[in-house]
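File shown: work_22.cif. Contents: mmCIF, C-alpha atoms and all ligand atoms.
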data_my_file
loop_
_atom_site.label_atom_id
_atom_site.label_comp_id
_atom_site.auth_asym_id
_atom_site.auth_seq_id
_atom_site.Cartn_x
_atom_site.Cartn_y
_atom_site.Cartn_z
CA MET I 103 8.90 -16.29 2.71
CA THR I 104 6.12 -14.18 1.33
CA ALA I 105 2.84 -12.94 2.62
CA THR I 106 0.12 -11.97 0.20
CA THR I 107 -3.40 -10.72 0.72
CA ASP I 108 -6.13 -13.19 1.42
CA GLU I 109 -7.46 -12.56 -2.08
CA ALA I 110 -6.22 -15.71 -3.78
CA PRO I 111 -5.41 -14.88 -7.39
CA ALA I 112 -7.79 -16.65 -9.76
CA PRO I 113 -6.64 -15.78 -13.28
CA ALA I 114 -9.68 -17.31 -14.98
CA ALA I 115 -12.19 -15.57 -12.73
CA PRO I 116 -14.72 -13.27 -14.44
CA PRO I 117 -14.55 -9.55 -13.66
CA PRO I 118 -16.00 -8.91 -10.22
CA ALA I 119 -19.49 -7.43 -10.06
CA ALA I 120 -19.81 -3.76 -9.24
CA PRO I 121 -20.37 -3.11 -5.54
CA ALA I 122 -23.15 -0.94 -4.25
CA ALA I 123 -22.53 2.80 -4.17
CA ARG I 124 -20.04 3.78 -1.53
CA ARG I 125 -21.02 5.57 1.60
CA ASP I 126 -17.75 6.97 2.65
CA ASP I 127 -17.92 8.41 6.11
CA HIS I 128 -18.97 6.99 9.43
CA LEU I 129 -21.65 9.54 10.13
CA PRO I 130 -24.73 7.78 8.67
CA ASP I 131 -24.02 4.61 10.63
CA ARG I 132 -23.41 6.57 13.78
CA ARG I 133 -26.65 8.48 13.26
CA GLU I 134 -28.50 5.21 12.90
CA ALA I 135 -26.92 4.03 16.13
CA LEU I 136 -27.91 7.31 17.79
CA PHE I 137 -31.56 6.93 16.79
CA ALA I 138 -31.57 3.30 17.87
CA LEU I 139 -30.30 4.29 21.28
CA GLY I 140 -32.87 7.07 21.58
CA GLY I 141 -30.34 9.83 22.21
CA GLY I 142 -28.86 10.51 25.63
CA LEU I 143 -25.26 11.13 26.55
CA LEU I 144 -23.93 8.19 24.58
CA GLY I 145 -25.80 9.40 21.51
CA ALA I 146 -24.41 12.88 21.90
CA LEU I 147 -20.89 11.50 22.09
CA VAL I 148 -21.49 9.39 18.99
CA ALA I 149 -22.84 12.43 17.12
CA LEU I 150 -19.78 14.42 18.14
CA ALA I 151 -17.49 11.71 16.79
CA GLY I 152 -19.51 11.66 13.57
CA ALA I 153 -19.23 15.43 13.17
CA LYS I 154 -15.45 15.09 13.36
CA ALA I 155 -15.58 12.62 10.47
CA LEU I 156 -17.04 15.39 8.31
CA ALA I 157 -14.33 17.89 9.14
CA PRO I 158 -13.10 20.11 6.30
CA GLY I 159 -10.76 18.21 4.03
CA ALA I 160 -12.73 14.97 4.26
CA PRO I 161 -12.13 12.84 1.15
CA GLU I 162 -14.92 12.85 -1.38
CA ALA I 163 -16.70 9.55 -1.68
CA ARG I 164 -15.16 7.49 -4.44
CA ASP I 165 -17.56 5.83 -6.84
CA ASP I 166 -16.01 2.41 -7.35
CA GLU I 167 -17.56 2.19 -10.81
CA GLU I 168 -15.66 5.26 -11.98
CA PRO I 169 -12.01 4.21 -12.23
CA LEU I 170 -9.42 6.71 -11.10
CA GLY I 171 -6.40 7.65 -13.20
CA ALA I 172 -2.90 7.11 -11.87
CA ARG I 173 -2.55 10.79 -10.93
CA GLU I 174 -5.85 10.84 -9.01
CA ALA I 175 -4.97 7.58 -7.29
CA ARG I 176 -1.65 9.00 -6.16
CA GLU I 177 -3.35 12.19 -4.92
CA ARG I 178 -5.66 10.07 -2.79
CA LEU I 179 -2.65 8.36 -1.23
CA VAL I 180 -0.83 11.65 -0.64
CA GLU I 181 -3.87 13.23 1.01
CA GLY I 182 -4.47 10.16 3.16
CA ASN I 183 -0.84 10.14 4.28
CA GLU I 184 -1.04 13.84 5.15
CA ARG I 185 -4.03 13.10 7.41
CA PHE I 186 -2.12 10.22 9.01
CA VAL I 187 0.99 12.36 9.60
CA ALA I 188 -1.14 15.11 11.14
CA GLY I 189 -2.78 12.61 13.48
CA GLU I 190 -6.17 13.35 11.90
CA PRO I 191 -7.11 10.17 10.04
CA LEU I 192 -10.69 9.93 8.77
CA HIS I 193 -10.75 6.12 8.47
CA PRO I 194 -12.78 6.21 5.23
CA ASP I 195 -14.51 3.18 3.77
CA GLN I 196 -14.81 1.26 7.00
CA SER I 197 -18.58 1.46 7.54
CA THR I 198 -20.81 -1.60 7.67
CA THR I 199 -22.49 -0.37 4.47
CA ARG I 200 -19.15 -0.24 2.73
CA ARG I 201 -18.28 -3.70 3.95
CA GLU I 202 -21.57 -5.20 2.80
CA GLY I 203 -21.40 -3.48 -0.59
CA LEU I 204 -17.97 -4.92 -1.24
CA ALA I 205 -19.12 -8.50 -0.74
CA GLU I 206 -20.12 -8.49 -4.42
CA GLY I 207 -16.70 -7.51 -5.70
CA GLN I 208 -13.72 -5.20 -5.39
CA HIS I 209 -12.44 -2.24 -7.39
CA PRO I 210 -9.32 -1.05 -5.53
CA PHE I 211 -7.77 2.10 -6.94
CA CYS I 212 -4.16 1.15 -6.22
CA ALA I 213 -1.94 -1.88 -5.66
CA VAL I 214 0.77 -1.59 -3.01
CA LEU I 215 3.76 -3.85 -2.51
CA SER I 216 5.13 -3.06 0.94
CA CYS I 217 7.47 -4.61 3.45
CA ALA I 218 5.87 -7.09 5.87
CA ASP I 219 7.16 -4.97 8.78
CA SER I 220 4.37 -4.50 11.34
CA ARG I 221 5.07 -0.77 11.45
CA VAL I 222 4.24 -0.27 7.77
CA PRO I 223 0.55 -1.16 7.21
CA PRO I 224 -0.46 0.59 3.95
CA GLU I 225 -4.16 1.05 4.78
CA VAL I 226 -3.22 2.82 8.02
CA LEU I 227 -0.45 5.10 6.78
CA PHE I 228 -2.44 6.09 3.66
CA ASP I 229 -5.67 6.40 5.71
CA GLN I 230 -7.70 4.16 3.41
CA GLY I 231 -10.31 1.50 4.07
CA LEU I 232 -12.00 -1.60 2.75
CA GLY I 233 -11.75 -2.20 -0.97
CA ASP I 234 -9.33 0.69 -1.56
CA LEU I 235 -5.89 -0.90 -1.76
CA PHE I 236 -4.80 -4.23 -3.20
CA VAL I 237 -1.93 -4.96 -0.84
CA VAL I 238 0.84 -7.52 -1.22
CA ARG I 239 3.56 -7.67 1.42
CA SER I 240 6.86 -9.45 1.76
CA ALA I 241 9.91 -8.66 3.87
CA GLY I 242 12.01 -6.11 1.99
CA GLN I 243 9.38 -6.12 -0.83
CA VAL I 244 11.25 -9.09 -2.26
CA LEU I 245 9.62 -10.43 -5.41
CA ASP I 246 8.95 -14.10 -5.90
CA SER I 247 6.40 -15.77 -8.14
CA ALA I 248 3.59 -15.53 -5.57
CA VAL I 249 4.19 -11.80 -5.00
CA LEU I 250 4.58 -11.11 -8.70
CA GLY I 251 1.51 -13.17 -9.58
CA SER I 252 -0.57 -11.33 -6.98
CA LEU I 253 0.47 -7.94 -8.35
CA GLN I 254 -0.16 -9.07 -11.90
CA TYR I 255 -3.67 -10.11 -10.84
CA GLY I 256 -4.23 -6.63 -9.43
CA VAL I 257 -3.10 -4.98 -12.65
CA GLU I 258 -4.64 -7.34 -15.19
CA HIS I 259 -7.92 -8.33 -13.54
CA LEU I 260 -8.65 -5.56 -11.06
CA GLU I 261 -7.22 -2.94 -13.46
CA VAL I 262 -5.57 -0.75 -10.84
CA PRO I 263 -4.06 2.34 -12.50
CA LEU I 264 -1.25 2.68 -9.97
CA LEU I 265 1.19 0.25 -8.38
CA VAL I 266 3.29 1.55 -5.49
CA VAL I 267 6.42 -0.20 -4.23
CA LEU I 268 6.75 0.96 -0.63
CA GLY I 269 10.02 0.59 1.24
CA HIS I 270 10.71 2.11 4.64
CA THR I 271 13.47 3.49 6.81
CA GLU I 272 15.16 1.14 9.29
CA CYS I 273 14.15 -1.92 7.26
CA GLY I 274 15.33 -5.01 9.12
CA ALA I 275 15.46 -7.10 5.94
CA VAL I 276 17.82 -4.60 4.29
CA ALA I 277 19.92 -4.33 7.46
CA ALA I 278 20.16 -8.15 7.64
CA THR I 279 21.35 -8.18 4.03
CA VAL I 280 24.08 -5.63 4.82
CA GLU I 281 25.09 -7.76 7.82
CA SER I 282 25.16 -10.93 5.69
CA ARG I 283 28.11 -9.53 3.75
CA ARG I 284 30.40 -9.42 6.75
CA PRO I 285 33.27 -11.92 6.46
CA ASP I 286 32.16 -13.90 9.52
CA ALA I 287 28.49 -14.09 8.47
CA GLU I 288 27.04 -17.43 7.50
CA PRO I 289 23.83 -18.38 5.70
CA THR I 290 20.94 -19.17 8.05
CA GLY I 291 20.03 -22.30 6.12
CA THR I 292 16.41 -21.13 6.10
CA ASP I 293 14.18 -19.38 3.56
CA ILE I 294 15.42 -16.09 5.04
CA ASP I 295 18.50 -16.62 2.87
CA ALA I 296 16.23 -16.18 -0.17
CA LEU I 297 15.14 -12.79 1.15
CA VAL I 298 18.74 -11.74 1.63
CA ALA I 299 19.59 -12.92 -1.89
CA GLY I 300 16.68 -10.87 -3.23
CA ILE I 301 17.89 -7.67 -1.54
CA LEU I 302 21.62 -8.22 -2.13
CA PRO I 303 21.70 -6.55 -5.59
CA ALA I 304 20.40 -3.34 -3.99
CA VAL I 305 23.11 -3.35 -1.33
CA GLU I 306 25.78 -3.99 -3.94
CA GLU I 307 24.47 -1.20 -6.15
CA ALA I 308 24.32 1.19 -3.19
CA GLU I 309 27.96 0.37 -2.61
CA ARG I 310 28.80 1.06 -6.25
CA PHE I 311 27.10 4.44 -5.82
CA GLY I 312 29.74 5.12 -3.19
CA ALA I 313 27.52 4.78 -0.13
CA HIS I 314 29.69 4.72 2.99
CA GLU I 315 29.33 1.74 5.31
CA THR I 316 27.46 3.82 7.88
CA GLU I 317 24.81 4.84 5.36
CA LEU I 318 24.81 1.70 3.25
CA ALA I 319 21.53 0.30 4.62
CA GLU I 320 19.81 3.68 4.29
CA VAL I 321 20.84 4.10 0.65
CA ALA I 322 20.08 0.44 -0.10
CA VAL I 323 16.47 0.97 1.03
CA ASP I 324 15.95 3.51 -1.80
CA VAL I 325 17.90 1.45 -4.34
CA ASN I 326 15.95 -1.68 -3.42
CA VAL I 327 12.66 0.12 -4.09
CA GLU I 328 13.94 1.37 -7.44
CA LEU I 329 15.15 -2.08 -8.51
CA VAL I 330 11.79 -3.65 -7.62
CA VAL I 331 10.01 -0.90 -9.59
CA GLU I 332 12.18 -1.66 -12.62
CA ARG I 333 11.54 -5.38 -12.37
CA LEU I 334 7.80 -4.83 -12.15
CA LYS I 335 7.81 -2.49 -15.13
CA ALA I 336 9.63 -5.18 -17.12
CA SER I 337 7.21 -7.92 -16.10
CA PRO I 338 5.31 -9.03 -19.26
CA VAL I 339 1.79 -8.76 -17.80
CA ILE I 340 2.37 -5.28 -16.39
CA ALA I 341 4.23 -4.10 -19.51
CA LYS I 342 1.39 -5.37 -21.70
CA ALA I 343 -1.27 -3.73 -19.52
CA SER I 344 0.67 -0.45 -19.82
CA THR I 345 0.23 -0.52 -23.60
CA LEU I 346 -3.55 -0.95 -23.28
CA ARG I 347 -4.28 1.62 -20.58
CA GLU I 348 -2.62 3.80 -18.02
CA VAL I 349 -0.65 1.80 -15.44
CA LYS I 350 2.02 3.59 -13.48
CA VAL I 351 4.56 1.82 -11.28
CA VAL I 352 6.16 4.15 -8.74
CA GLY I 353 8.45 3.77 -5.74
CA ALA I 354 8.04 5.37 -2.32
CA VAL I 355 9.72 5.24 1.07
CA TYR I 356 7.92 5.50 4.41
CA ASP I 357 9.66 7.22 7.31
CA LEU I 358 8.95 5.25 10.50
CA GLU I 359 9.52 8.27 12.69
CA THR I 360 7.62 11.06 10.91
CA GLY I 361 4.99 8.88 9.25
CA GLU I 362 5.66 10.60 5.93
CA VAL I 363 5.68 8.73 2.64
CA GLU I 364 8.09 10.20 0.12
CA PHE I 365 7.49 9.26 -3.50
CA LEU I 366 10.77 8.68 -5.33
ZN ZN I 401 11.23 -3.77 6.15
#

Take the structure in the file and write it out as structure tokens.
Amino acid sequence: MTATTDEAPAPAAPPPAAPAARRDDHLPDRREALFALGGGLLGALVALAGAKALAPGAPEARDDEEPLGAREARERLVEGNERFVAGEPLHPDQSTTRREGLAEGQHPFCAVLSCADSRVPPEVLFDQGLGDLFVVRSAGQVLDSAVLGSLQYGVEHLEVPLLVVLGHTECGAVAATVESRRPDAEPTGTDIDALVAGILPAVEEAERFGAHETELAEVAVDVNVELVVERLKASPVIAKASTLREVKVVGAVYDLETGEVEFL
């Protein structure tokens, strides 16, 4: 069972056209709305909300036509996560102008493979918007050909400089895999068994590391991320892209409770 983005990979597709220049914050649109409404209390409230969007620390507008390096891409994620943790997200790149500009093509600065868990939406926890992240999700970040092909498309055709494998605490898929090893456990007979099989090597390796039963799932979350990172690095398309330009594959774990993303 996998869930990919709605961007169907099309290997033979030509490079997407450059979108119009980005207008990053919400303020211009809100000002337009204010003028259209002719002011008044509603307008004042809208202006106040807009002013908050320009608070100190607001991310600089990213010019899609100027590719970021892996280090800059990671900084953008770290800063966005800090805003999210602080409860001060700026919701960049979600204006109507941004949306319309992106209709011509996409230039995301990072690909993310995250768990399908509803509590781990990458755009929200990294405080990013439209056209920023090329996201592929599957329970437990398990790789299959559809997931791998989607990520390869992001690296080869969209030329993202950074690929993040994002696990999370309290991952149900990892916990189910730990449970599946109990003597009385039986296969479900569904495609969920394939997920368990995909995560099993991480649980076994966590056990070899000496993880106690009570912390096995917690350790396996980290190990699972690291194993997926290694498999992606070894994938021919990503390995080849790495020889031509900078492509970094890194692991990270999201803490459900604090909202923090820790890069491994
Ligand atoms: Zn999960």

### Task
Compute the set of protein, DNA and RNA residues whose minimum atom distance to ligand ZN 401 (chain I) is at most 7 Å, using only C-alpha atoms and all ligand atoms, and state it as a list in words.
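Final answer, ordered by chain and number: Cys217, Ala218, Asp219, Ala241, Gly242, Gly269, His270, Cys273, Gly274, Ala275 and Val276 of chain I.
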
Please produce a file of those selected residues containing C-alpha atoms, as a PDB file, in the frame of the given file.
ATOM      1  CA  CYS I 217       7.470  -4.610   3.450  1.00  0.00           C
ATOM      2  CA  ALA I 218       5.870  -7.090   5.870  1.00  0.00           C
ATOM      3  CA  ASP I 219       7.160  -4.970   8.780  1.00  0.00           C
ATOM      4  CA  ALA I 241       9.910  -8.660   3.870  1.00  0.00           C
ATOM      5  CA  GLY I 242      12.010  -6.110   1.990  1.00  0.00           C
ATOM      6  CA  GLY I 269      10.020   0.590   1.240  1.00  0.00           C
ATOM      7  CA  HIS I 270      10.710   2.110   4.640  1.00  0.00           C
ATOM      8  CA  CYS I 273      14.150  -1.920   7.260  1.00  0.00           C
ATOM      9  CA  GLY I 274      15.330  -5.010   9.120  1.00  0.00           C
ATOM     10  CA  ALA I 275      15.460  -7.100   5.940  1.00  0.00           C
ATOM     11  CA  VAL I 276      17.820  -4.600   4.290  1.00  0.00           C
TER      12      VAL I 276
END

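Using only C-alpha atoms, the nearest neighbour of Glu272 in chain I within the list I:Leu170, I:Val363, I:Ile340, I:Ala322 is I:Ala322.
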
### Message
Measuring between only C-alpha atoms, which one of I:Val226, I:Ile294, I:Arg221, I:Ala213 shows the shortest distance to Gly182 in chain I?
### Response
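Among the listed residues, I:Val226 lies closest to Gly182 in chain I.
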
#### Entry: Minimum-distance residue to Phe228 in chain I, chosen among I:Asp246, I:Asp324, I:Glu202, I:Glu190 (using all atoms listed in the file)
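Once distances to Phe228 in chain I are computed over all atoms listed in the file, the minimum belongs to I:Glu190.
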
### Shortest interatomic distance to Glu167 in chain I - which of I:Ala308, I:Leu260, I:Val349, I:Val331, counting all atoms listed in the file
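Between I:Ala308, I:Leu260, I:Val349, I:Val331, the residue approaching Glu167 in chain I most closely is I:Leu260.
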
### Query
With all atoms listed in the file as the basis for distance, which of I:Glu359, I:Glu225, I:Glu184, I:Asp234 is at the shortest distance from Asp166 in chain I?
I:Asp234

### Message
Calculated over all atoms listed in the file, which of the candidates I:Ala248, I:Glu328, I:Asp229, I:Ser282 has the smallest distance to Gly189 in chain I?
### Response
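Going through I:Ala248, I:Glu328, I:Asp229, I:Ser282 one by one, the smallest distance to Gly189 in chain I is for I:Asp229.
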
#### Entry: All residues 8 Å or closer to Gly361 in chain I, all atoms listed in the file, same chain fewer than 2 positions away omitted, as a VMD selection string
chain I and resid 183 186 to 187 227 356 to 359 363

### Point-to-point distance from CA of Thr360 in chain I to CA of Thr271 in chain I, Å rounded to tenths
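Between CA of Thr360 in chain I and CA of Thr271 in chain I the gap works out to 10.4 Å.
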
### Task
With all atoms listed in the file counted, which protein, DNA or RNA residues have an atom no more than 12 Å from (5.4, -11.4, -11.9) in the file frame? Please answer as a PyMOL selection string.
chain I and resi 244-258+330-341

### Separation of CA of Ser240 in chain I from CA of Pro194 in chain I in Å
25.4 Å

### Query
CA of Val266 in chain I to CA of Ala299 in chain I: how many Å, to one decimal?
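So the answer is 22.1 Å.
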
### Task
Enumerate, as a ChimeraX atom specification, the protein, DNA and RNA residues whose atoms approach (1.5, -4.3, -5.0) to within 6 Å, taking into account all atoms listed in the file and the coordinate frame of the file.
/I:213-215,237-238,253,265
